[in-house]
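Student: Pasting work-v7.cif below, which is mmCIF, C-alpha atoms.
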```cif
data_structure
loop_
_atom_site.label_atom_id
_atom_site.label_comp_id
_atom_site.auth_asym_id
_atom_site.auth_seq_id
_atom_site.Cartn_x
_atom_site.Cartn_y
_atom_site.Cartn_z
CA MET S 1 198.14 41.34 -12.42
CA LYS S 2 201.06 41.66 -14.83
CA LYS S 3 198.70 41.34 -17.79
CA ILE S 4 196.40 44.07 -16.41
CA PHE S 5 199.39 46.35 -15.85
CA GLN S 6 200.54 45.74 -19.44
CA ILE S 7 197.04 46.52 -20.81
CA LEU S 8 196.90 49.78 -18.86
CA THR S 9 200.43 50.74 -19.93
CA ASP S 10 199.61 50.12 -23.59
CA SER S 11 196.34 52.02 -23.18
CA PHE S 12 198.08 55.11 -21.83
CA ARG S 13 200.61 54.95 -24.65
CA MET S 14 197.75 54.77 -27.13
CA ALA S 15 196.06 57.74 -25.44
CA ARG S 16 199.33 59.70 -25.52
CA LYS S 17 199.66 59.02 -29.25
CA ASP S 18 196.13 60.26 -29.94
CA LEU S 19 196.58 63.37 -27.81
CA LEU S 20 199.91 64.22 -29.46
CA GLU S 21 198.29 63.90 -32.90
CA PHE S 22 195.42 66.07 -31.72
CA PHE S 23 197.58 68.87 -30.29
CA ARG S 24 199.80 68.89 -33.39
CA ASP S 25 196.80 69.56 -35.61
CA ARG S 26 196.52 73.31 -35.04
CA MET S 27 193.31 73.77 -37.01
CA GLN S 28 191.55 71.03 -35.05
CA LEU S 29 192.89 72.46 -31.79
CA VAL S 30 191.60 75.94 -32.64
CA PHE S 31 188.08 74.68 -33.36
CA PHE S 32 188.25 72.47 -30.27
CA ILE S 33 188.58 75.65 -28.18
CA ILE S 34 186.32 77.86 -30.31
CA MET S 35 183.36 75.46 -30.28
CA PRO S 36 182.54 75.70 -26.53
CA ILE S 37 183.28 79.44 -26.57
CA PHE S 38 180.88 79.95 -29.47
CA MET S 39 178.25 77.75 -27.82
CA MET S 40 178.39 79.65 -24.53
CA ILE S 41 178.44 83.13 -26.06
CA MET S 42 175.60 82.26 -28.45
CA THR S 43 173.47 80.85 -25.65
CA GLY S 44 174.30 83.59 -23.16
CA PHE S 45 173.64 86.57 -25.40
CA ILE S 46 170.91 85.28 -27.73
CA PHE S 47 168.51 83.68 -25.25
CA PRO S 48 166.51 86.30 -23.33
CA THR S 49 167.40 87.14 -19.75
CA GLU S 50 166.23 89.83 -17.36
CA ASN S 51 169.05 92.13 -18.45
CA SER S 52 168.47 91.59 -22.18
CA LEU S 53 164.76 92.49 -21.98
CA LYS S 54 165.08 96.25 -22.07
CA ASN S 55 163.72 99.15 -24.10
CA ILE S 56 160.78 97.08 -25.35
CA PRO S 57 158.70 99.33 -27.63
CA LEU S 58 155.36 99.91 -25.88
CA GLY S 59 152.50 102.07 -27.08
CA ILE S 60 150.14 103.91 -24.71
CA ALA S 61 146.88 105.52 -25.77
CA ASN S 62 145.66 107.47 -22.73
CA GLN S 63 142.34 109.23 -23.44
CA ASP S 64 141.74 109.96 -19.75
CA THR S 65 142.68 113.28 -18.18
CA GLY S 66 142.72 112.15 -14.53
CA GLN S 67 145.65 111.84 -12.17
CA MET S 68 145.43 108.05 -11.80
CA SER S 69 145.90 107.34 -15.51
CA ALA S 70 148.76 109.85 -15.64
CA THR S 71 150.43 108.06 -12.71
CA MET S 72 150.07 104.69 -14.41
CA THR S 73 151.60 106.06 -17.62
CA GLU S 74 154.48 107.53 -15.63
CA VAL S 75 155.10 104.22 -13.84
CA LEU S 76 155.31 102.34 -17.15
CA THR S 77 157.64 104.98 -18.59
CA GLU S 78 159.98 104.95 -15.59
CA MET S 79 160.17 101.16 -15.01
CA ARG S 80 163.79 99.99 -15.01
CA THR S 81 165.79 96.76 -14.88
CA SER S 82 168.24 95.93 -12.10
CA ASN S 83 170.97 97.49 -14.28
CA GLY S 84 169.11 100.80 -14.49
CA ASP S 85 167.95 100.41 -18.12
CA ASN S 86 164.39 101.30 -19.10
CA ILE S 87 162.19 98.23 -19.48
CA PHE S 88 159.88 100.00 -21.94
CA SER S 89 160.47 102.53 -24.67
CA VAL S 90 157.07 104.26 -24.49
CA LYS S 91 155.37 105.85 -27.48
CA THR S 92 152.04 107.68 -27.27
CA PHE S 93 149.08 107.12 -29.61
CA ALA S 94 145.64 108.67 -30.04
CA ASP S 95 143.42 105.59 -29.65
CA ASP S 96 143.31 101.79 -29.66
CA GLY S 97 143.02 101.69 -33.46
CA ALA S 98 146.33 103.51 -33.79
CA LEU S 99 147.89 101.05 -31.32
CA LYS S 100 146.76 98.07 -33.36
CA ASP S 101 148.04 99.62 -36.59
CA ALA S 102 151.43 100.23 -34.96
CA ILE S 103 151.60 96.61 -33.77
CA LYS S 104 150.75 95.35 -37.26
CA ALA S 105 153.53 97.51 -38.64
CA GLN S 106 155.88 96.08 -35.95
CA LYS S 107 156.63 99.54 -34.60
CA ILE S 108 155.74 98.43 -31.05
CA ASN S 109 155.58 95.07 -29.23
CA GLY S 110 152.34 95.82 -27.43
CA GLY S 111 149.96 98.53 -26.35
CA VAL S 112 147.95 99.85 -23.39
CA PHE S 113 144.64 101.64 -23.97
CA ILE S 114 143.09 103.77 -21.20
CA SER S 115 139.57 104.95 -22.00
CA SER S 116 138.30 108.48 -21.33
CA ASP S 117 136.03 107.35 -18.45
CA PHE S 118 138.83 105.66 -16.47
CA SER S 119 139.18 108.22 -13.65
CA GLN S 120 135.43 108.93 -13.54
CA ALA S 121 134.68 105.24 -13.02
CA ILE S 122 137.09 105.11 -10.07
CA GLN S 123 135.63 108.24 -8.50
CA GLU S 124 132.11 106.83 -8.81
CA ASN S 125 133.19 103.55 -7.20
CA GLN S 126 132.76 101.62 -10.41
CA GLN S 127 135.20 99.13 -11.92
CA ALA S 128 137.54 100.85 -14.36
CA SER S 129 139.16 98.96 -17.21
CA VAL S 130 142.56 99.07 -18.91
CA THR S 131 143.00 97.21 -22.20
CA ILE S 132 146.27 95.39 -22.98
CA ILE S 133 146.92 94.75 -26.67
CA PRO S 134 149.76 92.20 -27.15
CA ASP S 135 151.79 91.47 -30.27
CA GLN S 136 150.74 87.88 -30.97
CA SER S 137 153.40 87.41 -33.65
CA ASN S 138 156.04 87.24 -30.88
CA PRO S 139 154.66 84.92 -28.15
CA GLN S 140 157.73 85.11 -25.85
CA ILE S 141 157.92 88.90 -25.68
CA SER S 142 154.13 89.13 -25.65
CA GLN S 143 153.88 86.85 -22.60
CA ILE S 144 156.53 88.73 -20.65
CA LEU S 145 155.08 92.12 -21.57
CA THR S 146 151.54 91.06 -20.65
CA GLN S 147 152.68 89.74 -17.26
CA VAL S 148 154.54 92.96 -16.45
CA LEU S 149 151.59 95.13 -17.48
CA GLN S 150 149.15 93.04 -15.46
CA GLN S 151 151.39 93.39 -12.39
CA VAL S 152 151.53 97.19 -12.81
CA ILE S 153 147.76 97.38 -13.20
CA ALA S 154 147.24 95.09 -10.20
CA ARG S 155 149.50 97.27 -8.01
CA THR S 156 147.70 100.41 -9.15
CA SER S 157 144.35 98.77 -8.45
CA THR S 158 145.49 97.75 -4.96
CA SER S 159 146.67 101.30 -4.25
CA VAL S 160 143.30 102.73 -5.32
CA ALA S 161 141.43 100.16 -3.24
CA GLN S 162 143.53 100.90 -0.17
CA THR S 163 142.87 104.63 -0.51
CA LYS S 164 139.11 104.05 -0.78
CA VAL S 165 139.05 101.65 2.17
CA ASP S 166 141.01 104.18 4.25
CA GLU S 167 138.36 106.81 3.47
CA MET S 168 135.54 104.41 4.39
CA ILE S 169 137.23 103.49 7.68
CA LYS S 170 137.65 107.16 8.61
CA LEU S 171 133.97 107.84 7.91
CA THR S 172 132.67 104.85 9.87
CA ALA S 173 135.16 105.33 12.70
CA ILE S 174 133.17 108.34 13.84
CA ALA S 175 130.27 106.09 14.81
CA ASN S 176 132.48 103.14 15.82
CA PRO S 177 135.90 104.27 17.16
CA GLN S 178 137.22 100.69 17.22
CA LEU S 179 137.39 100.74 13.41
CA ALA S 180 140.10 103.42 13.57
CA GLN S 181 142.58 100.67 14.48
CA VAL S 182 141.82 98.66 11.33
CA ASN S 183 144.58 98.61 8.71
CA ALA S 184 143.27 99.07 5.16
CA ALA S 185 146.19 97.08 3.71
CA VAL S 186 145.17 94.02 5.77
CA ILE S 187 141.64 94.21 4.39
CA ILE S 188 142.78 94.58 0.77
CA GLN S 189 145.54 91.98 1.00
CA PRO S 190 145.02 89.71 4.01
CA ILE S 191 147.66 87.23 2.81
CA GLN S 192 151.15 88.04 1.61
CA SER S 193 153.87 85.80 0.26
CA THR S 194 157.56 85.70 1.10
CA ILE S 195 160.39 84.11 -0.88
CA ASP S 196 163.01 81.96 0.83
CA ASN S 197 165.65 81.09 -1.76
CA LEU S 198 167.85 78.02 -1.40
CA ILE S 199 170.80 80.03 -2.72
CA PRO S 200 171.58 83.78 -2.60
CA GLY S 201 170.99 86.10 -5.52
CA LYS S 202 168.47 86.12 -8.36
CA PRO S 203 168.16 83.04 -10.59
CA ASN S 204 168.56 83.59 -14.33
CA TYR S 205 168.22 81.56 -17.49
CA PHE S 206 171.95 81.07 -17.96
CA GLN S 207 172.37 79.67 -14.46
CA PHE S 208 169.84 77.05 -15.59
CA VAL S 209 171.35 76.33 -18.99
CA ALA S 210 175.11 76.35 -18.17
CA PRO S 211 175.20 72.89 -16.45
CA GLY S 212 173.24 71.42 -19.37
CA ILE S 213 175.67 72.86 -21.90
CA MET S 214 178.59 71.40 -19.92
CA ALA S 215 176.96 67.96 -20.07
CA MET S 216 176.16 68.37 -23.78
CA ILE S 217 179.71 69.45 -24.69
CA VAL S 218 181.16 66.45 -22.84
CA MET S 219 178.70 64.15 -24.63
CA MET S 220 179.53 65.55 -28.07
CA SER S 221 183.27 65.52 -27.47
CA VAL S 222 183.40 61.91 -26.27
CA MET S 223 180.92 60.37 -28.70
CA THR S 224 182.06 62.23 -31.81
CA GLY S 225 185.75 62.04 -30.91
CA LEU S 226 185.75 58.29 -30.39
CA ALA S 227 183.76 57.52 -33.52
CA THR S 228 185.72 59.80 -35.86
CA SER S 229 189.10 58.84 -34.37
CA VAL S 230 188.68 55.14 -35.17
CA SER S 231 187.05 55.84 -38.54
CA ARG S 232 189.87 58.23 -39.50
CA GLU S 233 192.53 55.65 -38.63
CA ARG S 234 190.61 53.00 -40.55
CA GLU S 235 190.47 55.23 -43.65
CA ALA S 236 194.14 56.21 -43.34
CA GLY S 237 195.21 52.57 -42.92
CA THR S 238 196.93 53.20 -39.56
CA LEU S 239 194.39 51.06 -37.73
CA ASP S 240 195.82 47.96 -39.41
CA GLY S 241 199.24 48.90 -38.05
CA LEU S 242 197.80 49.13 -34.54
CA LEU S 243 196.11 45.76 -34.89
CA ILE S 244 199.33 43.95 -35.83
CA ALA S 245 201.28 45.70 -33.06
CA PRO S 246 201.96 43.68 -29.88
CA VAL S 247 199.05 45.33 -28.00
CA SER S 248 195.68 43.89 -27.11
CA ARG S 249 192.43 45.05 -28.67
CA LEU S 250 191.30 46.18 -25.21
CA SER S 251 194.35 48.47 -24.95
CA ILE S 252 193.38 50.14 -28.22
CA ILE S 253 189.83 50.73 -26.98
CA LEU S 254 190.97 52.02 -23.58
CA GLY S 255 193.62 54.24 -25.15
CA LYS S 256 191.06 55.88 -27.41
CA ALA S 257 188.70 56.25 -24.46
CA PHE S 258 191.36 57.84 -22.22
CA SER S 259 192.32 60.42 -24.87
CA GLN S 260 188.67 61.38 -25.49
CA THR S 261 188.08 61.57 -21.73
CA ALA S 262 190.88 64.13 -21.44
CA ARG S 263 189.46 66.15 -24.34
CA GLY S 264 185.93 66.03 -22.94
CA MET S 265 187.05 67.19 -19.49
CA ILE S 266 189.07 70.04 -21.00
CA GLN S 267 186.07 71.27 -22.96
CA GLY S 268 183.81 70.91 -19.93
CA MET S 269 186.20 73.06 -17.87
CA ILE S 270 186.35 75.67 -20.66
CA VAL S 271 182.56 75.91 -20.59
CA LEU S 272 182.51 76.25 -16.80
CA LEU S 273 185.23 78.93 -16.85
CA LEU S 274 183.34 80.95 -19.48
CA ALA S 275 180.10 80.60 -17.53
CA ILE S 276 181.77 81.95 -14.38
CA VAL S 277 183.75 84.77 -16.02
CA LEU S 278 181.28 86.01 -18.66
CA PHE S 279 177.89 85.29 -17.12
CA GLY S 280 178.47 85.24 -13.36
CA VAL S 281 177.48 81.60 -12.82
CA HIS S 282 178.28 80.36 -9.30
CA VAL S 283 179.05 76.79 -8.29
CA TYR S 284 177.11 76.49 -5.03
CA GLY S 285 177.81 72.78 -4.56
CA SER S 286 180.95 70.67 -4.25
CA TRP S 287 183.53 71.00 -7.02
CA LEU S 288 184.60 67.42 -6.33
CA ILE S 289 181.08 66.09 -6.94
CA MET S 290 180.81 68.20 -10.08
CA ILE S 291 184.07 66.80 -11.50
CA VAL S 292 183.01 63.24 -10.59
CA LEU S 293 179.74 63.82 -12.45
CA LEU S 294 181.63 65.01 -15.53
CA PHE S 295 183.79 61.86 -15.46
CA LEU S 296 180.66 59.79 -15.02
CA GLY S 297 179.13 61.50 -18.04
CA VAL S 298 182.19 60.59 -20.07
CA PHE S 299 181.83 56.99 -18.90
CA ALA S 300 178.13 56.91 -19.82
CA PHE S 301 178.63 58.22 -23.38
CA MET S 302 181.83 56.33 -24.07
CA GLY S 303 180.04 53.09 -24.93
CA ILE S 304 177.92 54.80 -27.60
CA GLY S 305 181.04 56.29 -29.19
CA ILE S 306 182.81 52.92 -29.25
CA LEU S 307 179.74 51.19 -30.67
CA VAL S 308 179.40 53.73 -33.48
CA SER S 309 183.12 53.50 -34.27
CA ALA S 310 182.69 49.75 -34.64
CA LEU S 311 179.67 50.07 -36.94
CA ALA S 312 180.85 52.96 -39.14
CA SER S 313 183.40 52.21 -41.83
CA ALA S 314 184.05 55.86 -42.75
CA GLN S 315 184.12 59.24 -41.00
CA GLU S 316 181.11 60.47 -42.96
CA SER S 317 178.93 57.57 -41.86
CA ALA S 318 180.24 57.91 -38.30
CA MET S 319 179.22 61.58 -38.19
CA THR S 320 175.79 60.77 -39.65
CA ILE S 321 175.15 58.13 -36.98
CA MET S 322 176.42 60.48 -34.27
CA MET S 323 174.09 63.28 -35.32
CA THR S 324 171.19 60.82 -35.25
CA PHE S 325 171.99 60.05 -31.61
CA GLN S 326 172.97 63.56 -30.49
CA PHE S 327 170.18 65.78 -31.80
CA PRO S 328 167.32 64.06 -29.93
CA MET S 329 169.43 64.07 -26.78
CA MET S 330 170.23 67.78 -27.10
CA PHE S 331 166.61 68.90 -27.35
CA LEU S 332 164.83 66.28 -25.22
CA SER S 333 167.17 66.17 -22.23
CA GLY S 334 166.25 69.50 -20.66
CA VAL S 335 169.49 71.24 -21.64
CA PHE S 336 167.79 74.33 -23.09
CA PHE S 337 164.15 73.97 -21.99
CA PRO S 338 162.65 72.48 -18.80
CA ILE S 339 161.40 68.94 -19.34
CA GLN S 340 158.21 69.81 -17.45
CA GLN S 341 157.20 72.14 -20.31
CA MET S 342 157.40 69.37 -22.91
CA PRO S 343 154.40 67.27 -24.01
CA GLN S 344 153.81 64.23 -21.81
CA VAL S 345 155.02 61.79 -24.49
CA MET S 346 158.32 63.68 -24.86
CA GLN S 347 158.77 63.66 -21.08
CA TYR S 348 158.65 59.86 -21.16
CA VAL S 349 161.22 59.83 -23.99
CA SER S 350 163.53 62.12 -22.02
CA LYS S 351 163.65 59.58 -19.19
CA VAL S 352 165.54 57.07 -21.38
CA ILE S 353 168.16 59.63 -22.48
CA PRO S 354 171.36 59.57 -20.38
CA LEU S 355 172.07 63.25 -21.03
CA THR S 356 168.89 64.05 -19.05
CA TYR S 357 170.38 62.59 -15.87
CA GLU S 358 173.82 64.13 -16.44
CA ALA S 359 172.34 67.61 -16.95
CA THR S 360 169.95 67.21 -14.01
CA ALA S 361 172.68 66.08 -11.63
CA LEU S 362 175.05 68.90 -12.65
CA ARG S 363 172.23 71.43 -12.30
CA LYS S 364 171.43 70.20 -8.79
CA VAL S 365 175.05 70.55 -7.69
CA ILE S 366 175.95 73.80 -9.47
CA VAL S 367 172.69 75.74 -9.08
CA LEU S 368 171.14 74.35 -5.89
CA GLY S 369 174.26 73.34 -3.99
CA ALA S 370 173.04 69.76 -3.58
CA GLY S 371 175.20 67.01 -2.13
CA PHE S 372 175.69 63.38 -3.13
CA SER S 373 172.52 62.31 -1.31
CA SER S 374 170.48 64.38 -3.79
CA VAL S 375 172.12 63.03 -6.97
CA TRP S 376 172.76 59.38 -6.15
CA ILE S 377 169.87 58.21 -8.34
CA GLU S 378 171.30 60.03 -11.39
CA VAL S 379 174.76 58.67 -10.55
CA LEU S 380 173.43 55.12 -10.40
CA ILE S 381 171.52 55.47 -13.69
CA LEU S 382 174.55 56.90 -15.51
CA PHE S 383 176.84 54.19 -14.15
CA VAL S 384 174.48 51.37 -15.09
CA PHE S 385 173.88 52.85 -18.55
CA GLY S 386 177.63 53.25 -19.16
CA ALA S 387 178.40 49.72 -17.95
CA VAL S 388 175.70 48.17 -20.14
CA MET S 389 176.78 50.14 -23.22
CA LEU S 390 180.45 49.20 -22.70
CA ALA S 391 179.48 45.54 -22.25
CA ILE S 392 177.82 45.72 -25.68
CA ALA S 393 180.30 48.03 -27.41
CA VAL S 394 183.66 46.43 -26.49
CA PRO S 395 182.91 42.93 -27.92
CA THR S 396 181.32 44.54 -30.98
CA PHE S 397 184.44 46.66 -31.54
CA ARG S 398 186.72 43.64 -31.15
CA ARG S 399 184.75 41.68 -33.75
CA ALA S 400 184.59 44.68 -36.11
CA VAL S 401 188.35 45.35 -36.18
CA THR S 402 189.28 41.70 -36.68
CA ARG S 403 187.11 41.18 -39.79
#
```
Please go through the file and, once you have read it, give me the structure as structure tokens.

Tutor:
Amino acid sequence: MKKIFQILTDSFRMARKDLLEFFRDRMQLVFFIIMPIFMMIMTGFIFPTENSLKNIPLGIANQDTGQMSATMTEVLTEMRTSNGDNIFSVKTFADDGALKDAIKAQKINGGVFISSDFSQAIQENQQASVTIIPDQSNPQISQILTQVLQQVIARTSTSVAQTKVDEMIKLTAIANPQLAQVNAAVIIQPIQSTIDNLIPGKPNYFQFVAPGIMAMIVMMSVMTGLATSVSREREAGTLDGLLIAPVSRLSIILGKAFSQTARGMIQGMIVLLLAIVLFGVHVYGSWLIMIVLLFLGVFAFMGIGILVSALASAQESAMTIMMTFQFPMMFLSGVFFPIQQMPQVMQYVSKVIPLTYEATALRKVIVLGAGFSSVWIEVLILFVFGAVMLAIAVPTFRRAVTR
């Protein structure tokens, strides 16, 4: 017991030394704070959200003179976001050829062509057609624009159908009065859907990505911090002084780990604070579970950082090895894009990446308000992964520093 107490005491002294050195380096401290701020602002304002998709240049070539086409044009012109901004910035063109030329010149992001026989076809009970011309050079905007236009056309079509069915019911009700009780809307749309959200409010992309960024920042802080800290001391010659000091090798490892844990948690909290203040992210689950998950993430990535610090003899090589580990984890763990949208092979790869389980667990707690019963599998995987990596990394580090 006395030996364990001495190891822990020496470890906390080692952690205090590292943290004092860190906080005295003003340049490093500034970038330590700026990095998560930059990451959050870049992600929040660059990636498209409902509020950022506004004033999309849209061309309309309406060759019809009827009321229905005029109504559809007015609807597209007046469509607004939840903030009151126009969704489309509408420009008028003579025909579909002019629309295509404008898209090629990147003056508009898509076009709608209404032919001259549009209203006549509706009046004669024929199927009218509206042509959507997307900008295929921008798949993301093109997909969103096409979906919105199809919804507008579908609503207009339903309204026309309901009007026609109402007229038919009135005509046939003279011979069969029972038909007067029939609702045209039920005939046109016999099934309707309702949405029952698990949490209040509208989901957005940043609500999805914020937990993943928290997990990623913690991963980068712990792994990179541990590897570069040991490599820096090895290059400066101070590691030799620590090795001849009356402290155990385990105390050195734990001390480094404790200091990087503190730094990782601080950066994780900075990310969460920015997400709440700047982008309105809500933590619907337990704060205690969320903090435990962050600590567990630190524990899971700690072994990789220690292992790299043992293998790398210089800071440059340590950073190179770290980047080799981190980049696949960043893009294959579902931090920025849902794993379900990846190719099947990449989905299998994501299942062996610990960041996948850290991001998933945080997302369940923060976004869906899940409890421990919903994240225990991720907790178990992270704990087992961290324990296995530490079991490999600690002996490797001991052998490496005593060469």

Student: Find the distance between CA of Ser251 in chain S and CA of Ser11 in chain S and write it in Å to one decimal.

Tutor: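 Computed distance, CA of Ser251 in chain S to CA of Ser11 in chain S, equals 4.4 Å.
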
Student: Written as JSON, numbers by chain, what is the full residue list that the PyMOL selection byres ((chain S and resi 338) around 12) yields on the file shown?

Tutor: {"S": [205, 208, 209, 212, 331, 332, 333, 334, 335, 336, 337, 339, 340, 341, 342, 343, 346, 347, 350, 356, 359, 360, 363]}

Student: Would you please work out which residue, of S:Val222, S:Leu355, S:Met72, S:Ala393, is nearest to Val152 in chain S when using all atoms listed in the file?

Tutor: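 Closest to Val152 in chain S of all the choices is S:Met72.
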
Student: Expand the PyMOL selection byres ((chain S and resi 101-116) around 6) into the individual residues it matches in the shown file, reporting them as a PDB file with C-alpha atoms, in the coordinates of the input.

Tutor:
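Result went into result_23.pdb, see below:
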```pdb
ATOM      1  CA  PRO S  57     158.700  99.330 -27.630  1.00  0.00           C
ATOM      2  CA  LEU S  58     155.360  99.910 -25.880  1.00  0.00           C
ATOM      3  CA  GLY S  59     152.500 102.070 -27.080  1.00  0.00           C
ATOM      4  CA  ILE S  60     150.140 103.910 -24.710  1.00  0.00           C
ATOM      5  CA  ALA S  61     146.880 105.520 -25.770  1.00  0.00           C
ATOM      6  CA  ASN S  62     145.660 107.470 -22.730  1.00  0.00           C
ATOM      7  CA  GLN S  63     142.340 109.230 -23.440  1.00  0.00           C
ATOM      8  CA  ASP S  64     141.740 109.960 -19.750  1.00  0.00           C
ATOM      9  CA  ASP S  96     143.310 101.790 -29.660  1.00  0.00           C
ATOM     10  CA  ALA S  98     146.330 103.510 -33.790  1.00  0.00           C
ATOM     11  CA  LEU S  99     147.890 101.050 -31.320  1.00  0.00           C
ATOM     12  CA  LYS S 100     146.760  98.070 -33.360  1.00  0.00           C
ATOM     13  CA  ASP S 117     136.030 107.350 -18.450  1.00  0.00           C
ATOM     14  CA  PHE S 118     138.830 105.660 -16.470  1.00  0.00           C
ATOM     15  CA  VAL S 130     142.560  99.070 -18.910  1.00  0.00           C
ATOM     16  CA  THR S 131     143.000  97.210 -22.200  1.00  0.00           C
ATOM     17  CA  ILE S 132     146.270  95.390 -22.980  1.00  0.00           C
ATOM     18  CA  ILE S 133     146.920  94.750 -26.670  1.00  0.00           C
ATOM     19  CA  PRO S 134     149.760  92.200 -27.150  1.00  0.00           C
ATOM     20  CA  ASP S 135     151.790  91.470 -30.270  1.00  0.00           C
TER      21      ASP S 135
END
```

Student: Quote the spacing between CA of Asn86 in chain S and CA of Leu278 in chain S in Å to one decimal place.

Tutor: 22.8 Å

Student: Which of these, S:Thr228, S:Gln147, S:Ser221, S:Gln344, has the shortest distance to Leu311 in chain S once you count only C-alpha atoms?

Tutor: S:Thr228

Student: Can you work out which one of S:Ser129, S:Gln151, S:Ser89, S:Ser259 has the shortest atom-to-atom distance to Leu20 in chain S, counting only C-alpha atoms?

Tutor: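 Under the stated criterion, the closest residue is S:Ser259.
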
Student: Measure the distance from CA of Val30 in chain S to CA of Pro354 in chain S in Å and round it to one decimal.

Tutor: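 Between CA of Val30 in chain S and CA of Pro354 in chain S the gap is 28.8 Å.
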
Student: Missing atoms in range 72-90 of chain S: fill them in up to N, CA and C atoms and send the result as a CSV table (one decimal), keeping the file's coordinate frame.

Tutor:
```csv
chain,number,residue,atom,x,y,z
S,72,MET,N,149.8,106.0,-13.8
S,72,MET,CA,150.1,104.7,-14.4
S,72,MET,C,151.0,104.8,-15.6
S,73,THR,N,150.7,105.8,-16.5
S,73,THR,CA,151.6,106.1,-17.6
S,73,THR,C,153.0,106.4,-17.2
S,74,GLU,N,153.1,107.2,-16.1
S,74,GLU,CA,154.5,107.5,-15.6
S,74,GLU,C,155.2,106.3,-15.1
S,75,VAL,N,154.5,105.4,-14.4
S,75,VAL,CA,155.1,104.2,-13.8
S,75,VAL,C,155.7,103.3,-15.0
S,76,LEU,N,154.9,103.2,-16.0
S,76,LEU,CA,155.3,102.3,-17.2
S,76,LEU,C,156.5,103.0,-17.8
S,77,THR,N,156.5,104.3,-17.9
S,77,THR,CA,157.6,105.0,-18.6
S,77,THR,C,158.9,104.9,-17.8
S,78,GLU,N,158.8,104.9,-16.5
S,78,GLU,CA,160.0,105.0,-15.6
S,78,GLU,C,160.5,103.6,-15.1
S,79,MET,N,159.8,102.5,-15.5
S,79,MET,CA,160.2,101.2,-15.0
S,79,MET,C,161.6,100.8,-15.5
S,80,ARG,N,162.4,100.3,-14.6
S,80,ARG,CA,163.8,100.0,-15.0
S,80,ARG,C,164.2,98.6,-14.6
S,81,THR,N,165.2,98.1,-15.3
S,81,THR,CA,165.8,96.8,-14.9
S,81,THR,C,166.7,97.0,-13.7
S,82,SER,N,167.3,95.8,-13.2
S,82,SER,CA,168.2,95.9,-12.1
S,82,SER,C,169.5,96.7,-12.5
S,83,ASN,N,169.8,96.8,-13.8
S,83,ASN,CA,171.0,97.5,-14.3
S,83,ASN,C,170.7,99.0,-14.5
S,84,GLY,N,169.4,99.4,-14.3
S,84,GLY,CA,169.1,100.8,-14.5
S,84,GLY,C,168.6,101.1,-15.9
S,85,ASP,N,168.5,100.1,-16.8
S,85,ASP,CA,168.0,100.4,-18.1
S,85,ASP,C,166.4,100.5,-18.1
S,86,ASN,N,165.8,101.2,-19.0
S,86,ASN,CA,164.4,101.3,-19.1
S,86,ASN,C,163.9,100.0,-19.6
S,87,ILE,N,162.8,99.5,-19.0
S,87,ILE,CA,162.2,98.2,-19.5
S,87,ILE,C,161.4,98.5,-20.8
S,88,PHE,N,160.7,99.7,-20.8
S,88,PHE,CA,159.9,100.0,-21.9
S,88,PHE,C,160.4,101.3,-22.6
S,89,SER,N,160.3,101.3,-23.9
S,89,SER,CA,160.5,102.5,-24.7
S,89,SER,C,159.1,103.0,-25.1
S,90,VAL,N,158.5,103.9,-24.4
S,90,VAL,CA,157.1,104.3,-24.5
S,90,VAL,C,156.8,105.3,-25.6
```
